[in-house]
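Novice: What follows is the file final.tsv, containing TSV, C-alpha atoms (C1' of nucleotides):
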```
chain	number	residue	atom	x	y	z
A	1	MET	CA	-23.39	-20.01	4.39
A	2	ASN	CA	-26.28	-21.58	2.63
A	3	GLN	CA	-25.63	-24.03	-0.10
A	4	SER	CA	-28.07	-22.69	-2.65
A	5	THR	CA	-27.12	-23.24	-6.24
A	6	GLU	CA	-29.19	-20.32	-7.45
A	7	THR	CA	-27.61	-17.78	-9.73
A	8	HIS	CA	-28.26	-15.16	-7.09
A	9	PRO	CA	-26.91	-16.66	-3.93
A	10	ASP	CA	-28.26	-15.45	-0.64
A	11	ILE	CA	-25.78	-12.75	0.08
A	12	THR	CA	-27.43	-11.81	3.33
A	13	SER	CA	-26.04	-14.99	4.80
A	14	SER	CA	-23.40	-14.32	7.37
A	15	ALA	CA	-19.72	-15.02	7.31
A	16	TYR	CA	-19.91	-14.83	11.09
A	17	ILE	CA	-22.14	-17.85	11.49
A	18	SER	CA	-20.50	-21.22	11.61
A	19	HIS	CA	-20.97	-23.08	8.35
A	20	ASP	CA	-19.51	-25.63	6.01
A	21	HIS	CA	-17.00	-23.42	4.32
A	22	THR	CA	-16.14	-25.91	1.59
A	23	CYS	CA	-19.52	-25.05	0.14
A	24	CYS	CA	-18.56	-21.38	-0.04
A	25	ILE	CA	-15.42	-22.32	-1.90
A	26	ASP	CA	-17.13	-24.73	-4.26
A	27	ASN	CA	-19.84	-22.22	-4.95
A	28	ALA	CA	-17.34	-19.46	-5.64
A	29	LEU	CA	-15.26	-21.61	-7.97
A	30	GLY	CA	-18.33	-22.83	-9.79
A	31	GLN	CA	-19.68	-19.35	-10.34
A	32	ALA	CA	-16.28	-18.08	-11.39
A	33	ALA	CA	-15.94	-20.77	-14.03
A	34	GLU	CA	-19.39	-20.01	-15.37
A	35	ILE	CA	-18.83	-16.26	-15.47
A	36	CYS	CA	-15.48	-16.53	-17.18
A	37	GLN	CA	-16.84	-18.87	-19.79
A	38	LYS	CA	-19.73	-16.53	-20.54
A	39	ARG	CA	-17.30	-13.69	-21.04
A	40	GLY	CA	-14.69	-15.59	-22.99
A	41	GLN	CA	-12.17	-15.13	-20.22
A	42	ARG	CA	-9.81	-17.87	-19.09
A	43	LEU	CA	-9.92	-19.08	-15.52
A	44	THR	CA	-6.51	-20.72	-15.76
A	45	PRO	CA	-5.26	-23.14	-13.10
A	46	LEU	CA	-3.14	-20.38	-11.60
A	47	ARG	CA	-6.03	-17.94	-11.37
A	48	LYS	CA	-8.26	-20.65	-9.98
A	49	GLN	CA	-5.68	-21.50	-7.36
A	50	VAL	CA	-5.41	-17.87	-6.28
A	51	LEU	CA	-9.19	-17.53	-6.13
A	52	GLU	CA	-9.36	-20.65	-4.01
A	53	LEU	CA	-6.70	-19.33	-1.63
A	54	VAL	CA	-8.50	-16.00	-1.30
A	55	TRP	CA	-11.65	-17.94	-0.47
A	56	ASP	CA	-9.77	-19.98	2.09
A	57	SER	CA	-11.59	-18.03	4.81
A	58	HIS	CA	-13.92	-15.11	5.31
A	59	LYS	CA	-10.98	-12.99	6.31
A	60	PRO	CA	-9.24	-10.75	3.81
A	61	VAL	CA	-5.84	-12.11	2.83
A	62	GLY	CA	-2.83	-10.12	1.75
A	63	ALA	CA	-1.15	-10.70	-1.59
A	64	TYR	CA	1.92	-11.95	0.22
A	65	ASP	CA	-0.17	-14.37	2.26
A	66	VAL	CA	-1.38	-15.87	-1.00
A	67	LEU	CA	2.19	-15.88	-2.20
A	68	ALA	CA	3.34	-17.75	0.89
A	69	MET	CA	0.57	-20.32	0.59
A	70	MET	CA	1.46	-20.95	-3.03
A	71	SER	CA	5.15	-21.21	-2.35
A	72	ARG	CA	4.54	-23.68	0.46
A	73	ASP	CA	3.00	-26.16	-1.95
A	74	GLN	CA	5.70	-25.89	-4.58
A	75	GLU	CA	9.40	-26.41	-4.80
A	76	ARG	CA	10.04	-23.19	-6.63
A	77	PRO	CA	8.72	-20.10	-4.83
A	78	THR	CA	6.20	-17.95	-6.64
A	79	ALA	CA	7.14	-14.37	-7.44
A	80	PRO	CA	4.98	-11.36	-6.54
A	81	PRO	CA	3.96	-10.41	-10.10
A	82	THR	CA	2.44	-13.84	-10.59
A	83	VAL	CA	0.11	-13.32	-7.68
A	84	TYR	CA	-0.67	-9.69	-8.45
A	85	ARG	CA	-1.54	-10.53	-12.04
A	86	ALA	CA	-3.95	-13.19	-10.92
A	87	LEU	CA	-5.46	-10.85	-8.32
A	88	ASP	CA	-5.84	-8.11	-10.93
A	89	PHE	CA	-7.64	-10.51	-13.23
A	90	LEU	CA	-9.98	-11.61	-10.46
A	91	LEU	CA	-10.65	-7.98	-9.50
A	92	GLU	CA	-11.42	-7.05	-13.09
A	93	GLN	CA	-13.84	-9.93	-13.36
A	94	GLY	CA	-15.47	-8.93	-10.09
A	95	LEU	CA	-14.65	-12.28	-8.49
A	96	ILE	CA	-12.85	-10.70	-5.55
A	97	HIS	CA	-12.76	-7.33	-3.85
A	98	ARG	CA	-9.87	-5.35	-2.48
A	99	ILE	CA	-10.16	-4.08	1.08
A	100	ALA	CA	-8.30	-0.80	0.93
A	101	SER	CA	-8.05	-0.30	4.67
A	102	LEU	CA	-6.21	-3.60	5.03
A	103	ASN	CA	-4.37	-3.86	1.72
A	104	ALA	CA	-6.01	-7.24	1.38
A	105	TYR	CA	-8.35	-9.21	-0.82
A	106	ILE	CA	-11.55	-11.12	-0.21
A	107	GLY	CA	-13.85	-13.27	-2.30
A	108	CYS	CA	-16.96	-11.66	-3.68
A	109	HIS	CA	-20.29	-13.08	-2.51
A	110	CYS	CA	-22.16	-12.09	-5.54
A	111	PRO	CA	-19.95	-12.07	-8.62
A	112	GLY	CA	-21.39	-11.50	-12.03
A	113	HIS	CA	-23.62	-8.72	-10.79
A	114	PRO	CA	-21.53	-5.58	-10.93
A	115	HIS	CA	-21.73	-3.90	-7.56
A	116	GLU	CA	-19.71	-2.09	-4.99
A	117	GLY	CA	-19.48	-3.85	-1.73
A	118	ILE	CA	-20.11	-2.58	1.74
A	119	PHE	CA	-17.73	-4.35	4.05
A	120	LEU	CA	-18.04	-5.00	7.76
A	121	ILE	CA	-14.58	-5.73	9.07
A	122	CYS	CA	-14.05	-7.12	12.56
A	123	LYS	CA	-11.06	-5.49	14.21
A	124	GLN	CA	-10.44	-8.47	16.36
A	125	CYS	CA	-10.87	-11.61	14.26
A	126	ARG	CA	-10.70	-9.82	10.90
A	127	THR	CA	-13.69	-11.76	9.64
A	128	THR	CA	-15.32	-9.63	6.99
A	129	GLN	CA	-18.90	-9.65	5.83
A	130	GLU	CA	-20.06	-8.12	2.58
A	131	LEU	CA	-23.44	-6.42	2.56
A	132	PRO	CA	-25.48	-5.88	-0.57
A	133	ASP	CA	-25.59	-2.43	-2.08
A	134	SER	CA	-28.10	-0.46	-0.10
A	135	SER	CA	-30.13	2.69	-0.31
A	136	ALA	CA	-27.52	4.29	1.91
A	137	VAL	CA	-25.01	4.09	-0.92
A	138	VAL	CA	-27.56	5.49	-3.34
A	139	HIS	CA	-28.10	8.33	-0.89
A	140	LEU	CA	-24.36	8.92	-0.63
A	141	ARG	CA	-24.04	9.14	-4.39
A	142	LYS	CA	-26.95	11.57	-4.52
A	143	GLN	CA	-25.38	13.70	-1.84
A	144	ALA	CA	-22.14	13.74	-3.82
A	145	GLY	CA	-24.04	14.47	-7.01
A	146	SER	CA	-25.70	17.49	-5.44
A	147	THR	CA	-22.26	19.07	-5.13
A	148	GLY	CA	-21.65	18.48	-8.83
A	149	PHE	CA	-19.47	15.42	-8.28
A	150	GLN	CA	-19.91	12.46	-10.60
A	151	THR	CA	-19.30	9.26	-8.64
A	152	HIS	CA	-17.80	6.30	-10.45
A	153	HIS	CA	-17.00	4.10	-7.54
A	154	ALA	CA	-18.01	4.02	-3.88
A	155	LEU	CA	-15.72	2.51	-1.30
A	156	VAL	CA	-17.40	1.70	2.00
A	157	GLU	CA	-15.62	-0.14	4.78
A	158	LEU	CA	-16.98	-0.26	8.31
A	159	THR	CA	-14.62	-1.37	11.04
A	160	GLY	CA	-15.76	-2.63	14.41
A	161	LEU	CA	-16.66	-5.80	16.26
A	162	CYS	CA	-18.52	-8.76	14.86
A	163	PRO	CA	-21.23	-10.41	16.97
A	164	ALA	CA	-18.93	-13.16	18.23
A	165	CYS	CA	-16.11	-10.81	19.27
A	166	GLN	CA	-18.48	-8.46	21.09
A	167	GLU	CA	-19.15	-11.18	23.64
A	168	GLN	CA	-15.59	-11.38	24.80
B	1	MET	CA	-13.00	28.62	0.93
B	2	ASN	CA	-14.64	31.13	3.18
B	3	GLN	CA	-12.61	32.94	5.73
B	4	SER	CA	-14.98	32.56	8.62
B	5	THR	CA	-13.37	32.46	12.00
B	6	GLU	CA	-16.27	30.63	13.55
B	7	THR	CA	-15.58	27.56	15.60
B	8	HIS	CA	-17.67	25.58	13.13
B	9	PRO	CA	-16.30	26.53	9.74
B	10	ASP	CA	-18.52	26.15	6.73
B	11	ILE	CA	-17.51	22.71	5.66
B	12	THR	CA	-19.91	22.72	2.75
B	13	SER	CA	-17.59	25.10	0.94
B	14	SER	CA	-15.90	23.48	-2.00
B	15	ALA	CA	-12.31	22.59	-2.60
B	16	TYR	CA	-13.19	22.63	-6.30
B	17	ILE	CA	-13.98	26.32	-6.42
B	18	SER	CA	-11.13	28.72	-6.94
B	19	HIS	CA	-10.23	30.46	-3.73
B	20	ASP	CA	-7.47	32.09	-1.78
B	21	HIS	CA	-5.87	28.97	-0.44
B	22	THR	CA	-3.59	30.78	2.00
B	23	CYS	CA	-6.73	31.38	4.02
B	24	CYS	CA	-7.37	27.63	4.20
B	25	ILE	CA	-3.87	27.09	5.46
B	26	ASP	CA	-4.01	29.92	7.97
B	27	ASN	CA	-7.37	28.76	9.19
B	28	ALA	CA	-6.16	25.16	9.56
B	29	LEU	CA	-3.03	26.17	11.42
B	30	GLY	CA	-4.97	28.49	13.68
B	31	GLN	CA	-7.54	25.88	14.58
B	32	ALA	CA	-4.84	23.28	15.10
B	33	ALA	CA	-2.97	25.51	17.53
B	34	GLU	CA	-6.14	26.20	19.45
B	35	ILE	CA	-7.19	22.57	19.62
B	36	CYS	CA	-3.80	21.35	20.74
B	37	GLN	CA	-3.60	23.95	23.43
B	38	LYS	CA	-7.03	23.03	24.75
B	39	ARG	CA	-5.96	19.42	24.95
B	40	GLY	CA	-2.53	20.00	26.37
B	41	GLN	CA	-0.94	18.59	23.24
B	42	ARG	CA	2.11	20.10	21.63
B	43	LEU	CA	1.93	21.38	18.09
B	44	THR	CA	5.68	21.44	17.69
B	45	PRO	CA	7.38	23.22	14.77
B	46	LEU	CA	7.87	19.87	13.05
B	47	ARG	CA	4.23	18.88	13.39
B	48	LYS	CA	3.15	22.32	12.29
B	49	GLN	CA	5.38	22.10	9.25
B	50	VAL	CA	3.92	18.72	8.28
B	51	LEU	CA	0.39	20.01	8.78
B	52	GLU	CA	1.19	22.99	6.59
B	53	LEU	CA	2.60	20.75	3.86
B	54	VAL	CA	-0.45	18.49	3.96
B	55	TRP	CA	-2.60	21.59	3.59
B	56	ASP	CA	-0.49	22.76	0.67
B	57	SER	CA	-3.38	21.85	-1.61
B	58	HIS	CA	-6.77	20.18	-1.60
B	59	LYS	CA	-5.18	17.04	-3.01
B	60	PRO	CA	-4.14	14.22	-0.74
B	61	VAL	CA	-0.36	13.99	-0.39
B	62	GLY	CA	1.68	10.89	0.26
B	63	ALA	CA	3.97	10.60	3.26
B	64	TYR	CA	6.95	10.51	0.94
B	65	ASP	CA	5.76	13.65	-0.84
B	66	VAL	CA	5.83	15.40	2.51
B	67	LEU	CA	9.23	13.89	3.12
B	68	ALA	CA	10.53	15.20	-0.20
B	69	MET	CA	9.16	18.68	0.44
B	70	MET	CA	10.80	18.76	3.85
B	71	SER	CA	14.11	17.50	2.58
B	72	ARG	CA	14.12	20.08	-0.20
B	73	ASP	CA	14.17	22.91	2.30
B	74	GLN	CA	16.91	21.46	4.49
B	75	GLU	CA	20.48	20.41	4.09
B	76	ARG	CA	20.01	17.15	5.93
B	77	PRO	CA	17.28	14.93	4.48
B	78	THR	CA	14.40	13.95	6.74
B	79	ALA	CA	13.88	10.26	7.54
B	80	PRO	CA	10.55	8.46	7.11
B	81	PRO	CA	9.81	7.90	10.81
B	82	THR	CA	9.98	11.62	11.42
B	83	VAL	CA	7.20	12.23	8.94
B	84	TYR	CA	5.12	9.24	9.98
B	85	ARG	CA	5.29	10.22	13.63
B	86	ALA	CA	4.05	13.69	12.81
B	87	LEU	CA	1.31	12.29	10.59
B	88	ASP	CA	0.26	9.88	13.33
B	89	PHE	CA	0.02	12.70	15.80
B	90	LEU	CA	-2.07	14.79	13.41
B	91	LEU	CA	-4.33	11.82	12.72
B	92	GLU	CA	-4.80	11.16	16.43
B	93	GLN	CA	-5.74	14.78	16.99
B	94	GLY	CA	-8.15	14.68	14.06
B	95	LEU	CA	-6.27	17.42	12.23
B	96	ILE	CA	-5.81	15.35	9.10
B	97	HIS	CA	-7.42	12.30	7.52
B	98	ARG	CA	-5.88	9.34	5.77
B	99	ILE	CA	-7.28	8.45	2.36
B	100	ALA	CA	-6.96	4.68	2.32
B	101	SER	CA	-7.58	4.25	-1.38
B	102	LEU	CA	-4.61	6.50	-2.16
B	103	ASN	CA	-2.33	5.85	0.80
B	104	ALA	CA	-2.31	9.59	1.26
B	105	TYR	CA	-3.21	12.27	3.74
B	106	ILE	CA	-5.37	15.36	3.59
B	107	GLY	CA	-6.19	18.20	5.94
B	108	CYS	CA	-9.41	17.99	7.89
B	109	HIS	CA	-11.97	20.72	7.24
B	110	CYS	CA	-13.56	20.48	10.58
B	111	PRO	CA	-11.07	19.43	13.22
B	112	GLY	CA	-12.03	19.40	16.85
B	113	HIS	CA	-15.37	17.84	16.14
B	114	PRO	CA	-14.79	14.11	16.04
B	115	HIS	CA	-16.26	12.79	12.83
B	116	GLU	CA	-15.64	10.39	10.04
B	117	GLY	CA	-15.25	12.01	6.72
B	118	ILE	CA	-16.91	11.25	3.46
B	119	PHE	CA	-14.44	11.96	0.70
B	120	LEU	CA	-15.06	12.81	-2.93
B	121	ILE	CA	-11.88	12.07	-4.83
B	122	CYS	CA	-11.41	13.24	-8.41
B	123	LYS	CA	-9.70	10.57	-10.49
B	124	GLN	CA	-8.25	13.11	-12.81
B	125	CYS	CA	-6.99	16.05	-10.79
B	126	ARG	CA	-7.03	14.24	-7.44
B	127	THR	CA	-8.68	17.20	-5.77
B	128	THR	CA	-10.58	15.84	-2.81
B	129	GLN	CA	-13.57	17.31	-1.06
B	130	GLU	CA	-14.70	16.30	2.39
B	131	LEU	CA	-18.43	16.16	3.04
B	132	PRO	CA	-19.95	16.41	6.49
B	133	ASP	CA	-21.23	13.25	8.11
B	134	SER	CA	-24.63	12.61	6.67
B	135	SER	CA	-27.73	10.58	7.32
B	136	ALA	CA	-26.42	8.11	4.76
B	137	VAL	CA	-23.64	7.14	7.13
B	138	VAL	CA	-26.11	6.85	9.97
B	139	HIS	CA	-28.16	4.57	7.75
B	140	LEU	CA	-25.11	2.49	6.91
B	141	ARG	CA	-24.30	2.02	10.56
B	142	LYS	CA	-27.88	1.03	11.24
B	143	GLN	CA	-27.81	-1.46	8.44
B	144	ALA	CA	-24.61	-2.92	9.85
B	145	GLY	CA	-26.10	-2.91	13.33
B	146	SER	CA	-29.08	-4.91	12.16
B	147	THR	CA	-26.72	-7.77	11.35
B	148	GLY	CA	-25.31	-7.61	14.87
B	149	PHE	CA	-22.19	-5.74	13.85
B	150	GLN	CA	-20.96	-2.95	16.10
B	151	THR	CA	-19.41	-0.23	13.96
B	152	HIS	CA	-16.54	1.77	15.38
B	153	HIS	CA	-15.38	3.54	12.30
B	154	ALA	CA	-16.86	4.17	8.88
B	155	LEU	CA	-14.61	4.69	5.88
B	156	VAL	CA	-16.33	6.23	2.87
B	157	GLU	CA	-14.43	7.27	-0.23
B	158	LEU	CA	-16.19	8.08	-3.47
B	159	THR	CA	-14.07	8.21	-6.60
B	160	GLY	CA	-15.13	9.95	-9.78
B	161	LEU	CA	-14.91	13.27	-11.57
B	162	CYS	CA	-15.11	16.69	-9.99
B	163	PRO	CA	-17.20	19.38	-11.68
B	164	ALA	CA	-14.21	20.96	-13.43
B	165	CYS	CA	-12.85	17.71	-14.83
B	166	GLN	CA	-16.24	16.62	-16.14
B	167	GLU	CA	-16.11	19.45	-18.66
B	168	GLN	CA	-13.02	18.19	-20.39
C	1	DA	C1'	20.16	22.08	38.34
C	2	DG	C1'	17.96	17.32	38.32
C	3	DT	C1'	14.71	14.11	36.51
C	4	DG	C1'	11.38	11.60	33.86
C	5	DA	C1'	8.69	11.61	29.84
C	6	DA	C1'	7.87	13.11	25.25
C	7	DA	C1'	9.75	14.27	20.85
C	8	DG	C1'	12.89	13.74	17.29
C	9	DG	C1'	17.24	11.75	14.79
C	10	DA	C1'	19.35	7.81	12.54
C	11	DT	C1'	19.72	3.29	10.73
C	12	DA	C1'	17.80	-0.66	9.18
C	13	DT	C1'	14.21	-3.38	7.47
C	14	DA	C1'	9.39	-4.92	6.69
C	15	DA	C1'	5.32	-4.98	3.78
C	16	DT	C1'	2.99	-3.93	-0.41
C	17	DA	C1'	3.20	-3.32	-5.35
C	18	DT	C1'	5.01	-2.62	-10.14
C	19	DA	C1'	8.37	-2.32	-14.23
C	20	DA	C1'	10.64	-4.65	-17.69
C	21	DC	C1'	11.94	-8.31	-20.36
C	22	DA	C1'	12.04	-13.28	-21.65
C	23	DC	C1'	9.87	-17.67	-22.54
C	24	DT	C1'	6.09	-20.74	-23.85
C	25	DG	C1'	2.15	-22.47	-25.93
C	26	DC	C1'	-1.87	-21.72	-28.49
C	27	DC	C1'	-4.39	-20.29	-32.49
C	28	DG	C1'	-5.45	-18.41	-36.95
C	29	DG	C1'	-3.78	-17.14	-41.74
C	30	DG	C1'	-1.01	-18.14	-45.33
D	1	DC	C1'	2.88	-27.12	-42.23
D	2	DC	C1'	4.99	-22.79	-40.83
D	3	DC	C1'	4.88	-18.54	-39.06
D	4	DG	C1'	3.39	-14.49	-36.56
D	5	DG	C1'	1.00	-12.58	-32.90
D	6	DC	C1'	-0.80	-12.63	-28.47
D	7	DA	C1'	-2.15	-14.05	-23.83
D	8	DG	C1'	-0.26	-16.07	-19.89
D	9	DT	C1'	3.43	-16.92	-16.97
D	10	DG	C1'	8.38	-16.82	-15.21
D	11	DT	C1'	12.20	-14.05	-13.58
D	12	DT	C1'	14.78	-10.28	-11.92
D	13	DA	C1'	14.98	-5.97	-10.23
D	14	DT	C1'	13.07	-2.08	-8.11
D	15	DA	C1'	9.51	1.29	-6.50
D	16	DT	C1'	6.46	2.68	-2.85
D	17	DT	C1'	4.61	2.78	1.72
D	18	DA	C1'	5.35	1.94	6.55
D	19	DT	C1'	7.51	0.32	10.93
D	20	DA	C1'	11.06	-1.41	14.44
D	21	DT	C1'	14.76	-0.16	17.23
D	22	DC	C1'	17.94	2.36	19.56
D	23	DC	C1'	19.83	6.59	20.77
D	24	DT	C1'	19.91	11.68	21.63
D	25	DT	C1'	17.66	15.95	22.52
D	26	DT	C1'	14.20	18.82	24.41
D	27	DC	C1'	10.83	20.05	27.60
D	28	DA	C1'	7.93	20.47	31.70
D	29	DC	C1'	8.15	20.14	36.26
D	30	DT	C1'	10.21	19.88	40.57
```
Would you write the structure of this file as structure tokens?
Specialist:
Amino acid sequence: MNQSTETHPDITSSAYISHDHTCCIDNALGQAAEICQKRGQRLTPLRKQVLELVWDSHKPVGAYDVLAMMSRDQERPTAPPTVYRALDFLLEQGLIHRIASLNAYIGCHCPGHPHEGIFLICKQCRTTQELPDSSAVVHLRKQAGSTGFQTHHALVELTGLCPACQEQ
Amino acid sequence: MNQSTETHPDITSSAYISHDHTCCIDNALGQAAEICQKRGQRLTPLRKQVLELVWDSHKPVGAYDVLAMMSRDQERPTAPPTVYRALDFLLEQGLIHRIASLNAYIGCHCPGHPHEGIFLICKQCRTTQELPDSSAVVHLRKQAGSTGFQTHHALVELTGLCPACQEQ
DNA sequence: AGTGAAAGGATATAATATAACACTGCCGGG
DNA sequence: CCCGGCAGTGTTATATTATATCCTTTCACT
């Protein structure tokens, strides 16, 4: 991932390409802090920790994975509602996305700009790439609209093989 | 829904429009029987019953809803694996679809022709309409392909308001 | 009838998610 | 300063969705 500090990061960069992932994390945390401050929302230590754990990789993580990671670092184990509340907050703020086909969560590449992601999910390594909203989604909404349906949210998840896993 | 007996039913017909739903069910069961026979697969009474219950409406039903409906009609309650095995069979044969965003299942309008559905899900009444594969999905796959990703399956679920619920 | 494979029954448990209530600390109004 | 309310978190219990495992029954075929 590139290390641009622009407000609009280069979301065409690929999760599949080897990169210094600490930059992804730092970037995500920085943007999250900025966005929450603008909106008068509190990015508490707990929420920040959960966001960081979700950003731990470019693979979607389950709520109970987050839970396990948190419990590992503490004496007292964390309870599910703690994690789900933090995840719900991050979802509401658009800082993470939920991958419905995996019941898992992944950091958003482009928070602060309300959008619906298109996700490319590798079956094999689970690495997941978010694509920017495209004309295809606009077309889908139009097609739905032509039947009289009023679309509020579009969920698009493509499953297959990422470039690296195709070679094996 | 129309009552055509063609091999390619009119899948542009709308679940939202009032219709004689027994025809939908009959049509679905008829096609299912035919497809299974062609493939040397067994549409057992249990599987047929589950298919019928899934087709009970144009709303996705949960596995445990099916379970409850089955248990209601019998002395001995049905166990989850029984239902899930039947659902898995029906999914494999393309007779039903799974709606990931609802963890629920819905009858396929156009079984026998392998396809990925596009689903329009009403938030309010939950009625769900399947659209035929469209150029938008082709475009999506192309867009994914241009990043080197090889798409095996496309999941598209649009959530919003159906024509009837918009009026309220 | 005998046999192997597929289907289904039964029990237990895993994995994901929420309900409900209690505690704490902060912050603004008196 | 005190209090009252609220957001955030802790804690316990439970709901919901799905699978593992083992055993029995049924079926197609010989």
Novice: List the neighbours of region 8-16 of chain C out to 10 Å using only C-alpha atoms (C1' of nucleotides); skip same-chain residues closer than 2 positions along the sequence, and give me the result as a list in words.
Specialist: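 The contact residues come out as Gly62, Ala63, Tyr64, Pro80, Asn103 and Ala104 of chain A; Leu46, Thr78, Ala79, Pro81, Thr82, Arg85 and Ala86 of chain B; DA6 of chain C; DT16, DT17, DA18, DT19, DA20, DT21, DC22, DC23, DT24, DT25 and DT26 of chain D.
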Novice: List the neighbours of Arg47 (chain B) out to 10 Å using only C-alpha atoms (C1' of nucleotides); skip same-chain residues closer than 5 positions along the sequence, and give me the result as a list in words.
Specialist: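 With the cut-off at 10 Å, the set is Arg42, Glu52, Leu53, Thr82, Val83, Arg85, Ala86, Leu87, Asp88, Phe89 and Leu90 of chain B.
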Novice: Ranking C:DC21, C:DC27, C:DA7, C:DA1 by minimum distance to chain B and counting all atoms listed in the file, which one comes first?
Specialist: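 Ranking C:DC21, C:DC27, C:DA7, C:DA1 by distance to chain B, first place goes to C:DA7.
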Novice: Which chain B residues are at most 10 Å from chain A (counting all atoms listed in the file), as JSON, numbers by chain?
Specialist: {"B": [12, 13, 14, 16, 98, 99, 100, 101, 102, 103, 118, 119, 120, 121, 122, 123, 129, 131, 134, 135, 136, 137, 138, 139, 140, 141, 142, 143, 144, 145, 147, 148, 149, 150, 151, 152, 153, 154, 155, 156, 157, 158, 159, 160, 161, 162, 163, 164, 165, 166]}
Novice: Which one is closest to Val61 (chain B): B:Ser18, B:Arg76, B:His97, B:Ile106? Count only C-alpha atoms.
Specialist: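 So, comparing all the options, the nearest one is B:Ile106.
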Novice: How far is it from CA of Gln74 (chain B) to CA of Thr128 (chain B), in Å with one decimal?
Specialist: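 Those two atoms sit 29.0 Å apart.
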Novice: Taking only C-alpha atoms (C1' of nucleotides) into account, find every residue of chain D that has an atom no more than 10 Å from chain A, and write it out as a PyMOL selection string.
Specialist: chain D and resi 7-12
